[in-house]
Amino acid sequence: MSGLNAPRLPSDETGARGGARLLRLLLPIVVLAAGVTVWDLAVRLNQIPPYVLPGPGLVLRTLIADWPVLSASLVTTLWTTLEGFLAAALGGIALALLFNQSKWLEYSLFPYAVVLQVTPVIAVAPLLLIYLPQETAVIVCAWIVAFFPVLANTTLGLNSVDRNLAGLFQLYGASPMQTLVRLKLPAALPYILGGLRIAGGLSLIGAVVAEIAAGSAGAGSGLAYRIAESSYRLNIPRMFAALLLLSAAGIVIYVLLALASHLLLRRWHESALGKDN
Amino acid sequence: MADSAASFDLGAPPAGYAVRLRGVTKAYPNGTTALGPFDLDVRSGEFVSLLGPSGCGKSTALRLIAGLSAPSSGGVLVSSQAPRRRGEHSIGFVFQEPTLMPWTSVRGNVSLPLRLARASRADTEARVSEALAGVDLLDFADAFPRELSGGMRMRVSLARALVTEPDILLMDEPFAALDEITRFRLNDDLLALWRKLRKTIIFVTHSVFESVYLSQRVIVMTPRPGRTGAEFRIEALEPRGADFRTSADYAAQCREVSLALARTSEPVRA
Ligand SMILES: Nc1ncnc2c1ncn2[C@@H]1O[C@H](COP(=O)(O)OP(=O)(O)OP(=O)(O)O)[C@@H](O)[C@H]1O
Ligand SMILES: [Mg+2]
């Protein structure tokens, strides 16, 4: 038996923390289940016709029945998103590095980056579709929406290098390249990853907006195009099924980027550490 | 050090001197005059302490000597030796904060100056291990800075300065955040190191006791903008140790320096 001053067993703590973690996973699932049940009951009890609001069961059946069409569309949209995201990530980081090297470049170009950011992409998309082939236009849209957070965050990160660490590199005669690789980029990494996490979701939005703008006139076949198409045909269950896939894609993108961020930072950055670490 | 080469376009200090400051002032862009006019002569191999109230410009003075910022007026002369091997530097700097890179291990931090100078891998490995052994941290070589205590981080910072075998060691309140026992031990380690290698050491501190214990010369600075308020040569039998710390002689010299510090820190009345 334990004495008077028995130390608290470590397993107590891990147990409690495990419980809290389980709860964190469980609660959203409970909310989801409740939401779906209410939805189902509302449709059944009020006998709402499926072209107004399909029930969850019908949406699921449509998802399975239309899977060949929808999955192909999902792949198309995901590719566009990925290309837009990569362009935004590379473009944003590269631009931030350029700005960091030359103040003049920053002063001349930064205002236009802001202009691109504040102009609603839904208004720009139709124009882009006139001047660019549709596939390119969609990627450019995704890029426009997503690159700014990467640029802004990377710039912030590069500028928040510890002054004394920078002094140390100067004292030890580091070349600009060494300072960049060994000091500035690692110091900016948490900021860059924060920017990328935002950019992931935004590039999906950019891709969807462009697909919608292209609409039925386009030869596109992405998920957003399916939604627009289903809406013309009053195929509401399929609209819901496509929407479901879009949300799922957004969640997966977010989780992947958060995971990458966690793995890269877990040994040293506060944001990735547990409170006992 | 007659063969010392110039590292600044202003030239080198005269033979036998490591550092010479003449009429140096520093005004920051926000209008604060932090220092000066400040004069300082430090002989090669000398251990000098700068003692002064918070904000009097001690850190600023060290940054100027290290060449990390430029004086607003006056001349900064620092002797420099051509490196005998890759990764050697004339100046080692221990900042007021540990200033470690959080994204790399203790070993990664200490090896930084050698990596920047592209020293060979084997050479780097050996010298880093030696430096870490010198501050008693060999067991923590693979730990990350956040896994260390404040005192351990400061020792990593010290090892990083020593790994380049500097001729001049600039130390900015390196032990201020440590408990008394650790501080005493590191004080003695530093003295042993200085006796062995005869580096020039400029040591900034708030502590009268520490400055008298360590240095050959204590320079008491006035409040901002800092100038030399008083100067004391500390006489003691070498090597200094625990018996010096408890001697009447030590107490007397501490009192003198304390009085001078209080006197120079008084607001000037017209
Ligand atoms: N980058 C800066 N910009 C503007 N003012 C500064 C800057 N750095 C220091 N100062 C000012 O210069 C003065 C001297 O600063 P410094 O850091 O040299 O003081 P210190 O003697 O090292 O003080 P402490 O003992 O508290 O470390 C302070 O009054 C401070 O406000
Ligand atoms: Mg200071």
# chains A, B, ... in the order shown; residues from 1 in each chain; ligands from 1
$ select_by_dssp --residues "segment 112-215 of chain B" --states "strand (DSSP E)" --output "number ranges by chain"
B: 168-172, 200-205
$ residues_near_ligand --ligand "ligand 2" --cutoff "7 Å" --atoms "only C-alpha atoms and all ligand atoms" --output "ChimeraX atom specification"
/B:55,57-59,96,172
$ write_last_selection --atoms "N, CA and C atoms" --output "PDB file, in the first residue's frame"
ATOM      1  N   GLY B  55      21.255  49.835 -18.120  1.00  0.00           N
ATOM      2  CA  GLY B  55      20.951  50.823 -19.146  1.00  0.00           C
ATOM      3  C   GLY B  55      22.039  51.848 -19.379  1.00  0.00           C
ATOM      4  N   GLY B  57      24.806  51.378 -20.979  1.00  0.00           N
ATOM      5  CA  GLY B  57      25.484  51.212 -22.265  1.00  0.00           C
ATOM      6  C   GLY B  57      26.559  50.142 -22.276  1.00  0.00           C
ATOM      7  N   LYS B  58      26.545  49.241 -21.328  1.00  0.00           N
ATOM      8  CA  LYS B  58      27.564  48.200 -21.278  1.00  0.00           C
ATOM      9  C   LYS B  58      27.438  47.245 -22.474  1.00  0.00           C
ATOM     10  N   SER B  59      26.209  46.780 -22.691  1.00  0.00           N
ATOM     11  CA  SER B  59      26.009  45.884 -23.843  1.00  0.00           C
ATOM     12  C   SER B  59      26.345  46.601 -25.135  1.00  0.00           C
ATOM     13  N   GLN B  96      24.154  38.466 -23.399  1.00  0.00           N
ATOM     14  CA  GLN B  96      23.450  38.539 -22.125  1.00  0.00           C
ATOM     15  C   GLN B  96      22.421  37.408 -22.006  1.00  0.00           C
ATOM     16  N   ASP B 172      28.913  39.328 -21.763  1.00  0.00           N
ATOM     17  CA  ASP B 172      27.902  40.274 -21.324  1.00  0.00           C
ATOM     18  C   ASP B 172      27.047  39.646 -20.218  1.00  0.00           C
TER      19      ASP B 172
END
$ residues_near_ligand --ligand "ligand 1" --cutoff "9 Å" --atoms "only C-alpha atoms and all ligand atoms" --output "VMD selection string"
chain B and resid 26 to 35 51 to 63 96 172 to 173 204 to 206 221 223 to 226
$ write_last_selection --atoms "N, CA, C and O atoms" --output "tab-separated table (two decimals), in the first residue's frame"
chain	number	residue	atom	x	y	z
B	26	LYS	N	27.55	56.38	-28.97
B	26	LYS	CA	26.57	55.64	-29.75
B	26	LYS	C	25.19	56.23	-29.49
B	26	LYS	O	24.73	56.27	-28.34
B	27	ALA	N	24.57	56.74	-30.55
B	27	ALA	CA	23.20	57.20	-30.45
B	27	ALA	C	22.34	56.27	-31.29
B	27	ALA	O	22.67	55.99	-32.43
B	28	TYR	N	21.27	55.76	-30.73
B	28	TYR	CA	20.39	54.87	-31.48
B	28	TYR	C	19.43	55.71	-32.31
B	28	TYR	O	19.19	56.88	-32.02
B	29	PRO	N	18.89	55.10	-33.38
B	29	PRO	CA	18.01	55.86	-34.29
B	29	PRO	C	16.84	56.54	-33.57
B	29	PRO	O	16.36	57.56	-34.04
B	30	ASN	N	16.41	56.00	-32.45
B	30	ASN	CA	15.28	56.62	-31.76
B	30	ASN	C	15.69	57.82	-30.92
B	30	ASN	O	14.88	58.38	-30.19
B	31	GLY	N	16.98	58.19	-31.01
B	31	GLY	CA	17.43	59.40	-30.33
B	31	GLY	C	18.10	59.15	-28.99
B	31	GLY	O	18.68	60.07	-28.42
B	32	THR	N	18.04	57.92	-28.49
B	32	THR	CA	18.70	57.61	-27.23
B	32	THR	C	20.21	57.64	-27.42
B	32	THR	O	20.73	56.96	-28.30
B	33	THR	N	20.90	58.44	-26.61
B	33	THR	CA	22.35	58.34	-26.61
B	33	THR	C	22.73	57.33	-25.53
B	33	THR	O	22.52	57.57	-24.34
B	34	ALA	N	23.23	56.20	-25.95
B	34	ALA	CA	23.43	55.09	-25.03
B	34	ALA	C	24.80	55.15	-24.38
B	34	ALA	O	25.00	54.68	-23.26
B	35	LEU	N	25.76	55.73	-25.07
B	35	LEU	CA	27.13	55.60	-24.60
B	35	LEU	C	27.94	56.84	-24.94
B	35	LEU	O	27.77	57.42	-26.00
B	51	LEU	N	31.55	47.73	-15.07
B	51	LEU	CA	30.53	47.66	-14.04
B	51	LEU	C	29.70	48.94	-14.13
B	51	LEU	O	30.25	50.02	-14.23
B	52	GLY	N	28.38	48.79	-14.11
B	52	GLY	CA	27.58	50.00	-14.18
B	52	GLY	C	26.12	49.70	-14.02
B	52	GLY	O	25.71	48.54	-14.13
B	53	PRO	N	25.32	50.72	-13.75
B	53	PRO	CA	23.88	50.51	-13.55
B	53	PRO	C	23.21	50.06	-14.85
B	53	PRO	O	23.75	50.27	-15.94
B	54	SER	N	22.05	49.46	-14.71
B	54	SER	CA	21.30	48.97	-15.86
B	54	SER	C	21.03	50.11	-16.84
B	54	SER	O	20.68	51.20	-16.45
B	55	GLY	N	21.25	49.84	-18.12
B	55	GLY	CA	20.95	50.82	-19.15
B	55	GLY	C	22.04	51.85	-19.38
B	55	GLY	O	21.83	52.82	-20.09
B	56	CYS	N	23.24	51.62	-18.80
B	56	CYS	CA	24.29	52.63	-18.95
B	56	CYS	C	25.09	52.43	-20.23
B	56	CYS	O	25.97	53.23	-20.54
B	57	GLY	N	24.81	51.38	-20.98
B	57	GLY	CA	25.48	51.21	-22.27
B	57	GLY	C	26.56	50.14	-22.28
B	57	GLY	O	27.39	50.12	-23.18
B	58	LYS	N	26.55	49.24	-21.33
B	58	LYS	CA	27.56	48.20	-21.28
B	58	LYS	C	27.44	47.25	-22.47
B	58	LYS	O	28.42	46.96	-23.16
B	59	SER	N	26.21	46.78	-22.69
B	59	SER	CA	26.01	45.88	-23.84
B	59	SER	C	26.34	46.60	-25.14
B	59	SER	O	26.94	46.02	-26.05
B	60	THR	N	25.95	47.86	-25.21
B	60	THR	CA	26.26	48.65	-26.39
B	60	THR	C	27.76	48.71	-26.63
B	60	THR	O	28.22	48.53	-27.76
B	61	ALA	N	28.53	48.93	-25.56
B	61	ALA	CA	29.99	49.00	-25.69
B	61	ALA	C	30.54	47.69	-26.25
B	61	ALA	O	31.38	47.69	-27.16
B	62	LEU	N	30.05	46.56	-25.74
B	62	LEU	CA	30.55	45.27	-26.25
B	62	LEU	C	30.20	45.07	-27.72
B	62	LEU	O	31.01	44.57	-28.50
B	63	ARG	N	28.97	45.46	-28.08
B	63	ARG	CA	28.59	45.31	-29.49
B	63	ARG	C	29.48	46.14	-30.40
B	63	ARG	O	29.82	45.73	-31.51
B	96	GLN	N	24.15	38.47	-23.40
B	96	GLN	CA	23.45	38.54	-22.13
B	96	GLN	C	22.42	37.41	-22.01
B	96	GLN	O	22.24	36.85	-20.93
B	172	ASP	N	28.91	39.33	-21.76
B	172	ASP	CA	27.90	40.27	-21.32
B	172	ASP	C	27.05	39.65	-20.22
B	172	ASP	O	26.11	38.91	-20.50
B	173	GLU	N	27.38	39.96	-18.99
B	173	GLU	CA	26.67	39.41	-17.83
B	173	GLU	C	26.35	37.92	-18.00
B	173	GLU	O	25.20	37.51	-17.88
B	204	VAL	N	31.28	42.12	-18.66
B	204	VAL	CA	30.29	43.09	-18.20
B	204	VAL	C	29.51	42.47	-17.06
B	204	VAL	O	29.13	41.31	-17.13
B	205	THR	N	29.28	43.25	-16.02
B	205	THR	CA	28.51	42.71	-14.90
B	205	THR	C	27.81	43.82	-14.12
B	205	THR	O	28.17	44.99	-14.19
B	206	HIS	N	26.76	43.42	-13.40
B	206	HIS	CA	26.09	44.30	-12.45
B	206	HIS	C	26.72	44.19	-11.08
B	206	HIS	O	26.46	45.00	-10.21
B	221	MET	N	31.18	52.51	-14.63
B	221	MET	CA	30.61	53.42	-15.62
B	221	MET	C	29.51	54.27	-14.99
B	221	MET	O	28.84	53.86	-14.05
B	223	PRO	N	25.82	56.43	-15.18
B	223	PRO	CA	24.53	56.15	-15.83
B	223	PRO	C	24.53	56.68	-17.26
B	223	PRO	O	25.39	57.48	-17.63
B	224	ARG	N	23.53	56.26	-18.02
B	224	ARG	CA	23.45	56.60	-19.43
B	224	ARG	C	23.55	58.10	-19.65
B	224	ARG	O	22.88	58.85	-18.93
B	225	PRO	N	24.27	58.56	-20.63
B	225	PRO	CA	25.16	57.79	-21.49
B	225	PRO	C	26.45	57.42	-20.75
B	225	PRO	O	27.09	58.29	-20.16
B	226	GLY	N	26.83	56.14	-20.79
B	226	GLY	CA	27.92	55.65	-19.97
B	226	GLY	C	29.29	56.21	-20.34
B	226	GLY	O	29.65	56.31	-21.51
$ closest_residue --among "A:Ile198, A:Leu41, A:Ala248, A:Ala146" --to "Ala113 of chain A" --atoms "only C-alpha atoms"
A:Ala146
$ closest_atom_pairs --of "chain A" --to "chain B" --cutoff "7 Å" --atoms "only C-alpha atoms" --output "JSON lines"
{"residue": "A:Asn164", "atom": "CA", "partner": "B:Thr99", "partner_atom": "CA", "distance": 6.6}
{"residue": "A:Leu165", "atom": "CA", "partner": "B:Thr99", "partner_atom": "CA", "distance": 6.0}
{"residue": "A:Gly167", "atom": "CA", "partner": "B:Leu68", "partner_atom": "CA", "distance": 5.9}
{"residue": "A:Tyr172", "atom": "CA", "partner": "B:Pro113", "partner_atom": "CA", "distance": 6.0}
{"residue": "A:Ala174", "atom": "CA", "partner": "B:Leu116", "partner_atom": "CA", "distance": 5.9}
{"residue": "A:Trp268", "atom": "CA", "partner": "B:Trp103", "partner_atom": "CA", "distance": 5.4}
